[in-house]
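Novice: See query01.cif below, with mmCIF, C-alpha atoms.
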data_input
loop_
_atom_site.group_PDB
_atom_site.id
_atom_site.type_symbol
_atom_site.label_atom_id
_atom_site.label_comp_id
_atom_site.auth_asym_id
_atom_site.auth_seq_id
_atom_site.Cartn_x
_atom_site.Cartn_y
_atom_site.Cartn_z
ATOM 1 C CA MET A 901 10.273 5.428 22.103
ATOM 2 C CA TRP A 902 10.845 1.831 21.113
ATOM 3 C CA LEU A 903 8.272 0.518 23.604
ATOM 4 C CA SER A 904 5.594 2.999 22.532
ATOM 5 C CA GLU A 905 6.094 2.267 18.822
ATOM 6 C CA ILE A 906 5.767 -1.489 19.362
ATOM 7 C CA MET A 907 2.642 -1.069 21.483
ATOM 8 C CA LEU A 908 1.083 1.307 18.959
ATOM 9 C CA GLN A 909 1.371 -1.177 16.103
ATOM 10 C CA GLN A 910 -2.276 -1.830 15.118
ATOM 11 C CA THR A 911 -3.548 -0.434 18.441
ATOM 12 C CA ARG A 912 -5.097 2.924 19.314
ATOM 13 C CA VAL A 913 -3.293 5.409 21.564
ATOM 14 C CA GLU A 914 -6.015 5.523 24.224
ATOM 15 C CA THR A 915 -5.838 1.734 24.561
ATOM 16 C CA VAL A 916 -2.051 1.688 24.806
ATOM 17 C CA ILE A 917 -1.569 4.391 27.468
ATOM 18 C CA PRO A 918 -2.373 2.315 30.603
ATOM 19 C CA TYR A 919 -0.361 -0.658 29.300
ATOM 20 C CA TYR A 920 2.591 1.621 28.553
ATOM 21 C CA ALA A 921 2.476 3.052 32.085
ATOM 22 C CA ARG A 922 2.325 -0.405 33.685
ATOM 23 C CA PHE A 923 5.193 -1.662 31.528
ATOM 24 C CA ARG A 924 7.407 1.298 32.397
ATOM 25 C CA GLU A 925 6.669 0.814 36.084
ATOM 26 C CA ARG A 926 7.375 -2.928 36.073
ATOM 27 C CA PHE A 927 10.305 -2.774 33.636
ATOM 28 C CA PRO A 928 12.067 0.572 34.226
ATOM 29 C CA SER A 929 15.020 -0.466 32.044
ATOM 30 C CA VAL A 930 15.792 -2.676 29.059
ATOM 31 C CA ALA A 931 17.870 -4.857 31.385
ATOM 32 C CA ALA A 932 14.849 -5.437 33.633
ATOM 33 C CA LEU A 933 12.727 -6.465 30.643
ATOM 34 C CA ALA A 934 15.458 -8.745 29.297
ATOM 35 C CA ALA A 935 15.772 -10.503 32.672
ATOM 36 C CA ALA A 936 12.033 -11.164 33.028
ATOM 37 C CA GLU A 937 10.315 -14.461 32.277
ATOM 38 C CA GLU A 938 8.297 -14.508 29.051
ATOM 39 C CA GLY A 939 5.166 -15.487 30.985
ATOM 40 C CA GLU A 940 5.400 -12.330 33.078
ATOM 41 C CA VAL A 941 5.793 -10.175 29.956
ATOM 42 C CA LEU A 942 2.771 -11.822 28.337
ATOM 43 C CA ALA A 943 0.701 -11.451 31.506
ATOM 44 C CA LEU A 944 1.398 -7.717 31.589
ATOM 45 C CA TRP A 945 0.538 -7.503 27.875
ATOM 46 C CA SER A 946 -2.652 -9.558 28.264
ATOM 47 C CA GLY A 947 -5.620 -7.760 26.724
ATOM 48 C CA LEU A 948 -3.560 -5.636 24.325
ATOM 49 C CA GLY A 949 -3.669 -8.283 21.580
ATOM 50 C CA TYR A 950 -1.239 -9.249 18.804
ATOM 51 C CA TYR A 951 0.914 -11.107 21.309
ATOM 52 C CA SER A 952 3.808 -11.736 18.942
ATOM 53 C CA ARG A 953 4.658 -8.082 19.637
ATOM 54 C CA ALA A 954 5.256 -8.872 23.311
ATOM 55 C CA ARG A 955 7.396 -11.903 22.496
ATOM 56 C CA ASN A 956 9.450 -9.902 20.000
ATOM 57 C CA LEU A 957 9.783 -7.028 22.477
ATOM 58 C CA HIS A 958 11.199 -9.470 25.000
ATOM 59 C CA ARG A 959 13.593 -10.965 22.435
ATOM 60 C CA ALA A 960 14.712 -7.490 21.340
ATOM 61 C CA ALA A 961 15.387 -6.509 24.965
ATOM 62 C CA LYS A 962 17.736 -9.483 25.213
ATOM 63 C CA GLN A 963 19.428 -8.395 21.989
ATOM 64 C CA ILE A 964 19.981 -4.901 23.409
ATOM 65 C CA ALA A 965 21.145 -6.244 26.775
ATOM 66 C CA ALA A 966 23.738 -8.366 24.996
ATOM 67 C CA ALA A 967 24.942 -5.934 22.301
ATOM 68 C CA GLY A 968 24.110 -2.471 23.668
ATOM 69 C CA ALA A 969 21.634 0.142 22.480
ATOM 70 C CA PRO A 970 21.446 0.528 18.684
ATOM 71 C CA ALA A 971 22.906 3.731 17.283
ATOM 72 C CA ASP A 972 21.903 3.557 13.604
ATOM 73 C CA TYR A 973 18.937 2.566 11.443
ATOM 74 C CA GLU A 974 20.337 -0.855 10.502
ATOM 75 C CA SER A 975 20.882 -1.792 14.153
ATOM 76 C CA VAL A 976 17.351 -0.689 15.067
ATOM 77 C CA ARG A 977 15.952 -2.613 12.089
ATOM 78 C CA ALA A 978 17.770 -5.753 13.251
ATOM 79 C CA LEU A 979 15.804 -5.865 16.522
ATOM 80 C CA ALA A 980 13.106 -8.535 16.773
ATOM 81 C CA GLY A 981 9.678 -7.203 15.816
ATOM 82 C CA VAL A 982 10.986 -4.007 14.192
ATOM 83 C CA GLY A 983 9.949 -3.413 10.578
ATOM 84 C CA PRO A 984 10.872 -0.558 8.211
ATOM 85 C CA TYR A 985 8.293 1.905 9.569
ATOM 86 C CA THR A 986 9.084 1.248 13.239
ATOM 87 C CA ALA A 987 12.830 1.445 12.554
ATOM 88 C CA ALA A 988 12.381 4.769 10.753
ATOM 89 C CA ALA A 989 10.221 6.199 13.535
ATOM 90 C CA ILE A 990 12.649 5.195 16.284
ATOM 91 C CA SER A 991 15.710 6.276 14.285
ATOM 92 C CA SER A 992 14.324 9.698 13.427
ATOM 93 C CA ILE A 993 12.606 10.568 16.724
ATOM 94 C CA ALA A 994 15.002 8.981 19.217
ATOM 95 C CA LEU A 995 18.291 9.171 17.275
ATOM 96 C CA ASP A 996 17.653 12.185 15.004
ATOM 97 C CA LEU A 997 18.518 10.179 11.866
ATOM 98 C CA ALA A 998 17.071 11.150 8.482
ATOM 99 C CA HIS A 999 14.658 8.313 7.721
ATOM 100 C CA ALA A 1000 11.067 8.903 6.619
ATOM 101 C CA ALA A 1001 8.469 7.026 8.683
ATOM 102 C CA VAL A 1002 5.445 5.974 6.631
ATOM 103 C CA ASP A 1003 2.457 4.708 8.595
ATOM 104 C CA GLY A 1004 -1.212 4.590 7.592
ATOM 105 C CA ASN A 1005 -1.776 8.232 8.469
ATOM 106 C CA VAL A 1006 1.187 9.338 6.364
ATOM 107 C CA VAL A 1007 0.050 7.200 3.413
ATOM 108 C CA ARG A 1008 -3.321 8.960 3.530
ATOM 109 C CA VAL A 1009 -1.648 12.378 3.419
ATOM 110 C CA LEU A 1010 0.682 11.369 0.592
ATOM 111 C CA SER A 1011 -2.037 9.770 -1.531
ATOM 112 C CA ARG A 1012 -4.080 12.981 -1.352
ATOM 113 C CA VAL A 1013 -1.220 15.437 -1.798
ATOM 114 C CA HIS A 1014 -0.162 13.551 -4.953
ATOM 115 C CA ASN A 1015 -3.722 12.562 -5.969
ATOM 116 C CA ASP A 1016 -2.439 8.997 -6.249
ATOM 117 C CA ALA A 1017 -5.168 6.367 -6.642
ATOM 118 C CA SER A 1018 -2.863 3.367 -6.186
ATOM 119 C CA GLU A 1019 -4.241 0.576 -3.993
ATOM 120 C CA ILE A 1020 -2.371 1.218 -0.760
ATOM 121 C CA THR A 1021 -1.285 -2.354 0.021
ATOM 122 C CA ALA A 1022 0.271 -3.026 -3.403
ATOM 123 C CA PRO A 1023 4.079 -3.457 -3.171
ATOM 124 C CA ALA A 1024 4.662 -0.900 -5.947
ATOM 125 C CA ALA A 1025 2.477 1.612 -4.120
ATOM 126 C CA ARG A 1026 4.353 1.029 -0.863
ATOM 127 C CA ARG A 1027 7.622 1.780 -2.626
ATOM 128 C CA GLN A 1028 6.062 4.913 -4.111
ATOM 129 C CA TRP A 1029 4.844 6.163 -0.701
ATOM 130 C CA ASN A 1030 8.334 5.705 0.706
ATOM 131 C CA GLU A 1031 9.844 7.657 -2.196
ATOM 132 C CA TYR A 1032 7.314 10.474 -1.753
ATOM 133 C CA ALA A 1033 8.024 10.643 1.983
ATOM 134 C CA ALA A 1034 11.805 10.559 1.559
ATOM 135 C CA GLY A 1035 11.575 13.419 -0.939
ATOM 136 C CA LEU A 1036 9.583 15.573 1.491
ATOM 137 C CA LEU A 1037 11.559 14.738 4.644
ATOM 138 C CA ASP A 1038 13.185 17.656 6.459
ATOM 139 C CA ARG A 1039 16.612 16.145 7.085
ATOM 140 C CA ARG A 1040 17.492 18.825 9.629
ATOM 141 C CA ARG A 1041 14.571 17.817 11.909
ATOM 142 C CA PRO A 1042 13.517 14.330 10.766
ATOM 143 C CA GLY A 1043 11.853 13.353 14.037
ATOM 144 C CA ASP A 1044 9.725 16.481 14.213
ATOM 145 C CA PHE A 1045 8.832 16.205 10.525
ATOM 146 C CA ASN A 1046 7.749 12.557 10.802
ATOM 147 C CA GLN A 1047 5.633 13.272 13.868
ATOM 148 C CA ALA A 1048 4.059 16.286 12.124
ATOM 149 C CA MET A 1049 3.113 14.117 9.129
ATOM 150 C CA MET A 1050 1.598 11.457 11.386
ATOM 151 C CA GLU A 1051 -0.323 14.084 13.351
ATOM 152 C CA LEU A 1052 -1.574 15.739 10.162
ATOM 153 C CA GLY A 1053 -3.039 12.414 9.023
ATOM 154 C CA ALA A 1054 -4.450 11.576 12.448
ATOM 155 C CA THR A 1055 -6.169 14.900 13.142
ATOM 156 C CA VAL A 1056 -6.768 16.798 9.867
ATOM 157 C CA CYS A 1057 -6.298 14.586 6.812
ATOM 158 C CA VAL A 1058 -8.648 12.028 8.359
ATOM 159 C CA PRO A 1059 -10.522 9.186 6.600
ATOM 160 C CA ARG A 1060 -13.761 9.783 4.689
ATOM 161 C CA ILE A 1061 -14.235 13.529 5.361
ATOM 162 C CA PRO A 1062 -10.878 15.330 5.659
ATOM 163 C CA LEU A 1063 -10.808 18.742 7.320
ATOM 164 C CA CYS A 1064 -9.349 20.470 4.277
ATOM 165 C CA GLY A 1065 -10.241 23.971 5.480
ATOM 166 C CA ALA A 1066 -7.903 23.547 8.458
ATOM 167 C CA CYS A 1067 -5.096 21.827 6.518
ATOM 168 C CA PRO A 1068 -1.752 23.680 6.496
ATOM 169 C CA VAL A 1069 -0.752 22.113 3.142
ATOM 170 C CA ARG A 1070 -4.068 22.404 1.296
ATOM 171 C CA GLU A 1071 -2.566 24.694 -1.384
ATOM 172 C CA PHE A 1072 -0.223 21.844 -2.387
ATOM 173 C CA CYS A 1073 -2.892 19.105 -2.320
ATOM 174 C CA GLN A 1074 -3.591 17.780 -5.809
ATOM 175 C CA ALA A 1075 -6.571 15.692 -4.633
ATOM 176 C CA ARG A 1076 -8.190 18.804 -3.153
ATOM 177 C CA ALA A 1077 -7.697 20.633 -6.460
ATOM 178 C CA ALA A 1078 -9.190 17.689 -8.372
ATOM 179 C CA GLY A 1079 -12.050 17.142 -5.903
ATOM 180 C CA THR A 1080 -10.991 13.543 -5.203
ATOM 181 C CA GLU A 1081 -9.880 13.921 -1.571
ATOM 182 C CA ARG A 1082 -12.804 11.826 -0.230
ATOM 183 C CA GLU A 1083 -12.032 8.987 -2.638
ATOM 184 C CA LEU A 1084 -8.443 8.528 -1.476
ATOM 185 C CA PRO A 1085 -6.584 6.516 -0.471
ATOM 186 C CA VAL A 1086 -7.845 3.470 -2.351
ATOM 187 C CA LYS A 1087 -8.112 0.424 -0.106
ATOM 188 C CA ARG A 1088 -8.685 -3.205 -0.920
ATOM 189 C CA ARG A 1089 -12.050 -4.440 0.293
ATOM 190 C CA GLN A 1090 -11.774 -5.983 3.742
ATOM 191 C CA ALA A 1091 -12.618 -9.609 4.369
ATOM 192 C CA GLU A 1092 -16.130 -10.203 5.663
ATOM 193 C CA THR A 1093 -16.604 -10.559 9.392
ATOM 194 C CA ARG A 1094 -17.142 -14.116 10.609
ATOM 195 C CA GLN A 1095 -19.702 -14.660 13.377
ATOM 196 C CA VAL A 1096 -18.540 -17.168 15.995
ATOM 197 C CA CYS A 1097 -20.547 -18.526 18.937
ATOM 198 C CA LEU A 1098 -18.417 -19.543 21.908
ATOM 199 C CA ASP A 1099 -19.544 -21.127 25.178
ATOM 200 C CA VAL A 1100 -16.933 -20.963 27.942
ATOM 201 C CA ALA A 1101 -17.169 -22.434 31.402
ATOM 202 C CA ILE A 1102 -16.012 -20.987 34.709
ATOM 203 C CA VAL A 1103 -15.529 -24.017 36.913
ATOM 204 C CA THR A 1104 -14.439 -23.304 40.469
ATOM 205 C CA LYS A 1105 -13.659 -25.020 43.722
ATOM 206 C CA ASN A 1106 -13.200 -23.760 47.277
ATOM 207 C CA ALA A 1107 -14.008 -20.200 48.354
ATOM 208 C CA GLY A 1108 -12.419 -17.092 49.818
ATOM 209 C CA ARG A 1109 -8.636 -17.019 49.685
ATOM 210 C CA ASN A 1110 -8.560 -20.649 48.566
ATOM 211 C CA ALA A 1111 -10.844 -20.082 45.555
ATOM 212 C CA ARG A 1112 -9.505 -21.667 42.388
ATOM 213 C CA VAL A 1113 -10.538 -21.636 38.726
ATOM 214 C CA PHE A 1114 -9.998 -24.452 36.248
ATOM 215 C CA LEU A 1115 -8.032 -23.273 33.183
ATOM 216 C CA VAL A 1116 -6.547 -24.971 30.133
ATOM 217 C CA ARG A 1117 -3.440 -23.892 28.266
ATOM 218 C CA ARG A 1118 -3.001 -23.304 24.551
ATOM 219 C CA ALA A 1119 -0.376 -25.393 22.772
ATOM 220 C CA ALA A 1120 3.099 -23.857 22.510
ATOM 221 C CA ASP A 1121 3.144 -24.258 18.724
ATOM 222 C CA GLU A 1122 -0.083 -22.340 18.007
ATOM 223 C CA ARG A 1123 0.286 -19.339 15.709
ATOM 224 C CA ARG A 1124 -1.907 -17.180 17.903
ATOM 225 C CA LEU A 1125 -1.970 -17.046 21.720
ATOM 226 C CA ALA A 1126 0.597 -19.822 22.139
ATOM 227 C CA GLY A 1127 1.051 -20.686 25.810
ATOM 228 C CA PHE A 1128 -1.885 -18.549 26.986
ATOM 229 C CA TRP A 1129 -4.348 -19.806 29.583
ATOM 230 C CA GLU A 1130 -8.092 -19.779 28.867
ATOM 231 C CA LEU A 1131 -11.382 -21.101 30.152
ATOM 232 C CA PRO A 1132 -12.455 -24.527 28.854
ATOM 233 C CA GLU A 1133 -15.334 -24.697 26.420
ATOM 234 C CA LYS A 1134 -18.657 -25.857 27.835
ATOM 235 C CA ALA A 1135 -18.795 -28.866 25.517
ATOM 236 C CA GLN A 1136 -15.550 -30.191 26.986
ATOM 237 C CA LEU A 1137 -17.138 -30.428 30.425
ATOM 238 C CA GLU A 1138 -20.441 -32.092 29.540
ATOM 239 C CA GLY A 1139 -21.091 -34.854 32.068
ATOM 240 C CA VAL A 1140 -18.279 -33.663 34.326
ATOM 241 C CA ALA A 1141 -19.740 -30.469 35.804
ATOM 242 C CA ARG A 1142 -23.245 -29.027 36.158
ATOM 243 C CA LEU A 1143 -23.308 -25.627 34.490
ATOM 244 C CA GLU A 1144 -25.693 -22.695 34.317
ATOM 245 C CA LYS A 1145 -25.476 -19.657 32.064
ATOM 246 C CA VAL A 1146 -24.546 -16.499 33.987
ATOM 247 C CA ALA A 1147 -23.517 -13.905 31.380
ATOM 248 C CA GLU A 1148 -22.835 -13.170 27.726
ATOM 249 C CA PHE A 1149 -20.879 -10.559 25.769
ATOM 250 C CA ARG A 1150 -19.345 -9.829 22.372
ATOM 251 C CA HIS A 1151 -15.675 -9.683 21.470
ATOM 252 C CA GLN A 1152 -13.897 -9.157 18.153
ATOM 253 C CA ILE A 1153 -10.485 -10.426 17.031
ATOM 254 C CA VAL A 1154 -9.552 -9.155 13.553
ATOM 255 C CA ASN A 1155 -12.416 -10.461 11.359
ATOM 256 C CA ASP A 1156 -13.867 -12.877 13.902
ATOM 257 C CA ARG A 1157 -16.770 -11.500 15.945
ATOM 258 C CA PHE A 1158 -17.423 -13.712 18.970
ATOM 259 C CA HIS A 1159 -20.739 -14.037 20.772
ATOM 260 C CA VAL A 1160 -19.535 -15.437 24.079
ATOM 261 C CA ARG A 1161 -21.836 -17.145 26.552
ATOM 262 C CA VAL A 1162 -20.437 -17.686 30.031
ATOM 263 C CA TRP A 1163 -21.410 -20.754 32.057
ATOM 264 C CA ARG A 1164 -20.592 -21.434 35.677
ATOM 265 C CA GLY A 1165 -20.412 -24.574 37.770
ATOM 266 C CA ARG A 1166 -18.362 -26.754 40.072
ATOM 267 C CA MET A 1167 -16.287 -29.836 39.530
ATOM 268 C CA GLY A 1168 -14.633 -32.393 41.799
ATOM 269 C CA GLU A 1169 -10.948 -32.435 42.690
ATOM 270 C CA SER A 1170 -9.983 -34.542 39.675
ATOM 271 C CA GLY A 1171 -12.884 -34.000 37.268
ATOM 272 C CA ALA A 1172 -11.724 -33.233 33.729
ATOM 273 C CA ALA A 1173 -8.330 -31.907 34.750
ATOM 274 C CA GLY A 1174 -6.433 -34.888 33.417
ATOM 275 C CA MET A 1175 -8.537 -35.187 30.272
ATOM 276 C CA LEU A 1176 -8.090 -31.513 29.335
ATOM 277 C CA ARG A 1177 -4.559 -31.100 30.634
ATOM 278 C CA GLY A 1178 -5.831 -28.229 32.684
ATOM 279 C CA LYS A 1179 -4.877 -26.776 36.011
ATOM 280 C CA TRP A 1180 -6.550 -25.317 39.071
ATOM 281 C CA ILE A 1181 -5.263 -21.760 39.469
ATOM 282 C CA ALA A 1182 -5.893 -19.490 42.435
ATOM 283 C CA ARG A 1183 -7.948 -16.402 41.568
ATOM 284 C CA ALA A 1184 -5.276 -14.282 43.247
ATOM 285 C CA GLU A 1185 -2.739 -15.535 40.671
ATOM 286 C CA LEU A 1186 -4.778 -14.733 37.556
ATOM 287 C CA ALA A 1187 -3.179 -11.302 37.113
ATOM 288 C CA GLN A 1188 0.284 -12.904 37.024
ATOM 289 C CA ILE A 1189 -0.307 -15.341 34.150
ATOM 290 C CA PRO A 1190 -0.906 -14.807 30.418
ATOM 291 C CA LEU A 1191 -4.689 -15.073 30.186
ATOM 292 C CA THR A 1192 -6.720 -14.600 26.994
ATOM 293 C CA THR A 1193 -8.840 -11.458 26.763
ATOM 294 C CA ILE A 1194 -12.008 -13.534 26.375
ATOM 295 C CA ALA A 1195 -11.184 -15.366 29.609
ATOM 296 C CA ARG A 1196 -10.537 -12.077 31.431
ATOM 297 C CA LYS A 1197 -13.815 -10.625 30.193
ATOM 298 C CA ALA A 1198 -15.711 -13.762 31.153
ATOM 299 C CA LEU A 1199 -14.258 -13.813 34.665
ATOM 300 C CA ALA A 1200 -15.088 -10.114 35.099
ATOM 301 C CA ALA A 1201 -18.606 -10.363 33.660
ATOM 302 C CA PRO A 1202 -21.519 -9.656 36.025
ATOM 303 C CA SER A 1203 -22.669 -12.733 37.987
ATOM 304 C CA SER A 1204 -19.579 -14.673 36.992
#
Could you rewrite the structure in this file as structure tokens?

Specialist:
Amino acid sequence: MWLSEIMLQQTRVETVIPYYARFRERFPSVAALAAAEEGEVLALWSGLGYYSRARNLHRAAKQIAAAGAPADYESVRALAGVGPYTAAAISSIALDLAHAAVDGNVVRVLSRVHNDASEITAPAARRQWNEYAAGLLDRRRPGDFNQAMMELGATVCVPRIPLCGACPVREFCQARAAGTERELPVKRRQAETRQVCLDVAIVTKNAGRNARVFLVRRAADERRLAGFWELPEKAQLEGVARLEKVAEFRHQIVNDRFHVRVWRGRMGESGAAGMLRGKWIARAELAQIPLTTIARKALAAPSS
């Protein structure tokens, strides 16, 4: 329950499912996860995004291994990476404790049922949603109730055009009565998407089983993707390797939309390795290291 809730933070279910299965296979217990190296955890998470979740998951596993499994809301909330919603979801579904879980789907249901036009990210509105949810919560079956509310928002009370005719609570919906259901909830305007051009280089040496790729590593103190390996940018290799364009694709991270062009070439034994603090890594080892999604896509692109 804990693993699925962490993985589902800001990520769709269909994306999470294969990662969840691989994680459960590799780490069948909290103790196994706690004993793993962080690099292995990040490598298994690679491609799922929001990597602080993986680091916090690993830290929380160590907390549980040291102190035992949490048995109340406060202990769940104290785990690394667990906020109020995640703590409420785990507590109610896994521990049968009466805590209302309020995610985006539940907020949508609540804003329409109460015909509340508050801007959903405002602190006062967040407090109001929590009060609404706590007042509705079935304390005899909190886990089932929370999951029903989430499912109602995900499948019936959907964005833009809710399926009001199929809604089991339509007779209680004040927005439906007022004709405002398509206007709610009120969201702050999203930041504009930034277009980013990125040229990455796949520089290789040797062939067959001895094939190696030159990668550089992100600094350990970076806010995003700290410690991850990635392909060097083309500009960093000018004059060191002869490159030709072999592929291109698009990739989006939050509000940054990348147009990635992939270049390929070869470099000598030393080349730019010292200058870029990079490393030659065997292709067979790429699945075992934390590699950025853009690098994975580039290496898997046709002709690359």

Novice: Can you give me, as a list in words, the residues this file yields under the PyMOL selection byres ((chain A and resi 915-918) around 12)?

Specialist: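 Applied to this file, the PyMOL selection byres ((chain A and resi 915-918) around 12) returns Leu903, Ser904, Glu905, Ile906, Met907, Leu908, Gln909, Gln910, Thr911, Arg912, Val913, Glu914, Tyr919, Tyr920, Ala921, Arg922, Phe923, Arg924, Glu925, Leu944, Trp945, Ser946, Gly947, Leu948 and Gly949 of chain A.
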
Novice: How would you write as a PyMOL selection string the residues that get within 9 Å of (-0.8, 4.3, 1.1) in the file's frame, counting all atoms listed in the file?

Specialist: chain A and resi 1002-1011+1016+1018-1022+1025-1026+1028-1029+1085-1087

Novice: Within 6 Å of Arg1166 (chain A), counting only C-alpha atoms, which residues qualify if same-chain residues fewer than 4 places away don't, as number ranges by chain?

Specialist: A: 1103-1104, 1141

Novice: Since we have the selection now, will you write its residues out, keeping C-alpha atoms, as a PDB file, keeping the file's coordinate frame?

Specialist:
ATOM      1  CA  VAL A1103     -15.529 -24.017  36.913  1.00  0.00           C
ATOM      2  CA  THR A1104     -14.439 -23.304  40.469  1.00  0.00           C
ATOM      3  CA  ALA A1141     -19.740 -30.469  35.804  1.00  0.00           C
TER       4      ALA A1141
END

Novice: Step by step, work through what the PyMOL selection byres ((chain A and resi 999) around 10) selects in the shown file, and finish by giving those residues as a list in words.

Specialist: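 Applied to this file, the PyMOL selection byres ((chain A and resi 999) around 10) returns Tyr973, Pro984, Tyr985, Ala987, Ala988, Ala989, Ile990, Ser991, Ser992, Ile993, Asp996, Leu997, Ala998, Ala1000, Ala1001, Val1002, Asn1030, Ala1033, Ala1034, Leu1037, Asp1038, Arg1039, Pro1042, Gly1043 and Asn1046 of chain A.
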
Novice: Show which residues sit within 9 Å of Asn1110 (chain A), as a list in words. Count all atoms listed in the file, and ignore same-chain residues fewer than 2 positions away.

Specialist: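 Residues near the query, excluding close chain neighbours: Lys1105, Asn1106, Ala1107, Gly1108, Arg1112, Ala1182, Arg1183 and Ala1184 of chain A.
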
Novice: Can you tell me how far CA of Glu940 (chain A) sits from CA of Lys962 (chain A), in Å to one decimal?

Specialist: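 CA of Lys962 (chain A) lies at a distance of 14.9 Å from CA of Glu940 (chain A).
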
Novice: Work out how far CA of His1151 (chain A) is from CA of Thr1055 (chain A), in Å to one decimal.

Specialist: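 Atom-to-atom, CA of Thr1055 (chain A) to CA of His1151 (chain A), that is 27.6 Å.
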
Novice: Residues around (2.8, -16.5, 27.0), cut-off 6 Å, counting all atoms listed in the file - what are they as a list in words?

Specialist: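 Protein, DNA and RNA residues close to (2.8, -16.5, 27.0): Gly939, Leu942, Gly1127, Phe1128 and Pro1190 of chain A.
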
Novice: Would you write out, as a ChimeraX atom specification, every residue that the PyMOL selection byres ((chain A and resi 1152) around 10) captures in this file?

Specialist: /A:1093-1096,1150-1151,1153-1159,1194

Novice: Write a file of the selected residues as a PDB file, in the frame of the given file, keeping C-alpha atoms.

Specialist:
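And here is the file that came out, again04.pdb:
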ATOM      1  CA  THR A1093     -16.604 -10.559   9.392  1.00  0.00           C
ATOM      2  CA  ARG A1094     -17.142 -14.116  10.609  1.00  0.00           C
ATOM      3  CA  GLN A1095     -19.702 -14.660  13.377  1.00  0.00           C
ATOM      4  CA  VAL A1096     -18.540 -17.168  15.995  1.00  0.00           C
ATOM      5  CA  ARG A1150     -19.345  -9.829  22.372  1.00  0.00           C
ATOM      6  CA  HIS A1151     -15.675  -9.683  21.470  1.00  0.00           C
ATOM      7  CA  ILE A1153     -10.485 -10.426  17.031  1.00  0.00           C
ATOM      8  CA  VAL A1154      -9.552  -9.155  13.553  1.00  0.00           C
ATOM      9  CA  ASN A1155     -12.416 -10.461  11.359  1.00  0.00           C
ATOM     10  CA  ASP A1156     -13.867 -12.877  13.902  1.00  0.00           C
ATOM     11  CA  ARG A1157     -16.770 -11.500  15.945  1.00  0.00           C
ATOM     12  CA  PHE A1158     -17.423 -13.712  18.970  1.00  0.00           C
ATOM     13  CA  HIS A1159     -20.739 -14.037  20.772  1.00  0.00           C
ATOM     14  CA  ILE A1194     -12.008 -13.534  26.375  1.00  0.00           C
TER      15      ILE A1194
END

Novice: Nearest to Val1113 (chain A) among A:Lys1179, A:Arg1088, A:Lys1197, A:Arg1040, with distances taken over all atoms listed in the file: which residue is it?

Specialist: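 Selected residue with least distance to Val1113 (chain A): A:Lys1179.
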
Novice: Please measure the separation of CA of Ala1126 (chain A) and CA of Arg955 (chain A), giving the value in Å to one decimal.

Specialist: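 Distance between the two atoms: 10.4 Å.
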
Novice: Enclose the full set of atoms of region 1125-1138 of chain A listed in the file within a box whose edges lie along x, y and z, apply 8 Å of padding to each of the six sides, and report centre and edge lengths in Å to one decimal as lines of an AutoDock Vina configuration file.

Specialist:
center_x = -9.7
center_y = -24.6
center_z = 26.1
size_x = 37.5
size_y = 31.0
size_z = 24.7

Novice: Within 8 Å of region 1115-1118 of chain A, counting all atoms listed in the file, which residues show up once you throw out same-chain ones fewer than 3 positions away? Write them as a list in words, please.

Specialist: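 Counting all atoms listed in the file, the residues come to Glu1122, Leu1125, Ala1126, Gly1127, Phe1128, Trp1129, Glu1130, Leu1131, Pro1132, Leu1176, Arg1177, Gly1178, Lys1179, Trp1180 and Ile1181 of chain A.
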
Novice: Using all atoms listed in the file, pick whichever of A:Ala943, A:Leu1137, A:Ile964, A:Ala1075 has the shortest atom-to-atom distance to Arg1164 (chain A).

Specialist: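 For Arg1164 (chain A), the nearest of the given residues is A:Leu1137.
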
Novice: In terms of the shortest atom-to-atom distance over only C-alpha atoms, which of A:Arg1124, A:Glu1185, A:Leu995, A:Arg1142 is closest to Ile1102 (chain A)?

Specialist: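 Closest to Ile1102 (chain A), using only C-alpha atoms: A:Arg1142.
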
Novice: Since fewer atoms than expected are present, regenerate N, CA and C atoms for region 905-912 of chain A and write them as an mmCIF file, in the frame of the given file.

Specialist:
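Wrote it out as selection_31.cif, contents follow:
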data_model
loop_
_atom_site.group_PDB
_atom_site.id
_atom_site.type_symbol
_atom_site.label_atom_id
_atom_site.label_comp_id
_atom_site.auth_asym_id
_atom_site.auth_seq_id
_atom_site.Cartn_x
_atom_site.Cartn_y
_atom_site.Cartn_z
ATOM 1 N N GLU A 905 6.317 2.614 20.226
ATOM 2 C CA GLU A 905 6.094 2.267 18.822
ATOM 3 C C GLU A 905 5.630 0.823 18.664
ATOM 4 N N ILE A 906 6.200 -0.084 19.444
ATOM 5 C CA ILE A 906 5.767 -1.489 19.362
ATOM 6 C C ILE A 906 4.324 -1.622 19.845
ATOM 7 N N MET A 907 3.997 -0.972 20.954
ATOM 8 C CA MET A 907 2.642 -1.069 21.483
ATOM 9 C C MET A 907 1.614 -0.439 20.547
ATOM 10 N N LEU A 908 2.019 0.591 19.831
ATOM 11 C CA LEU A 908 1.083 1.307 18.959
ATOM 12 C C LEU A 908 0.885 0.641 17.608
ATOM 13 N N GLN A 909 1.595 -0.439 17.347
ATOM 14 C CA GLN A 909 1.371 -1.177 16.103
ATOM 15 C C GLN A 909 -0.032 -1.780 16.142
ATOM 16 N N GLN A 910 -0.905 -1.310 15.257
ATOM 17 C CA GLN A 910 -2.276 -1.830 15.118
ATOM 18 C C GLN A 910 -3.150 -1.630 16.364
ATOM 19 N N THR A 911 -2.777 -0.679 17.227
ATOM 20 C CA THR A 911 -3.548 -0.434 18.441
ATOM 21 C C THR A 911 -3.667 1.068 18.682
ATOM 22 N N ARG A 912 -4.837 1.502 19.118
ATOM 23 C CA ARG A 912 -5.097 2.924 19.314
ATOM 24 C C ARG A 912 -4.377 3.467 20.549
#
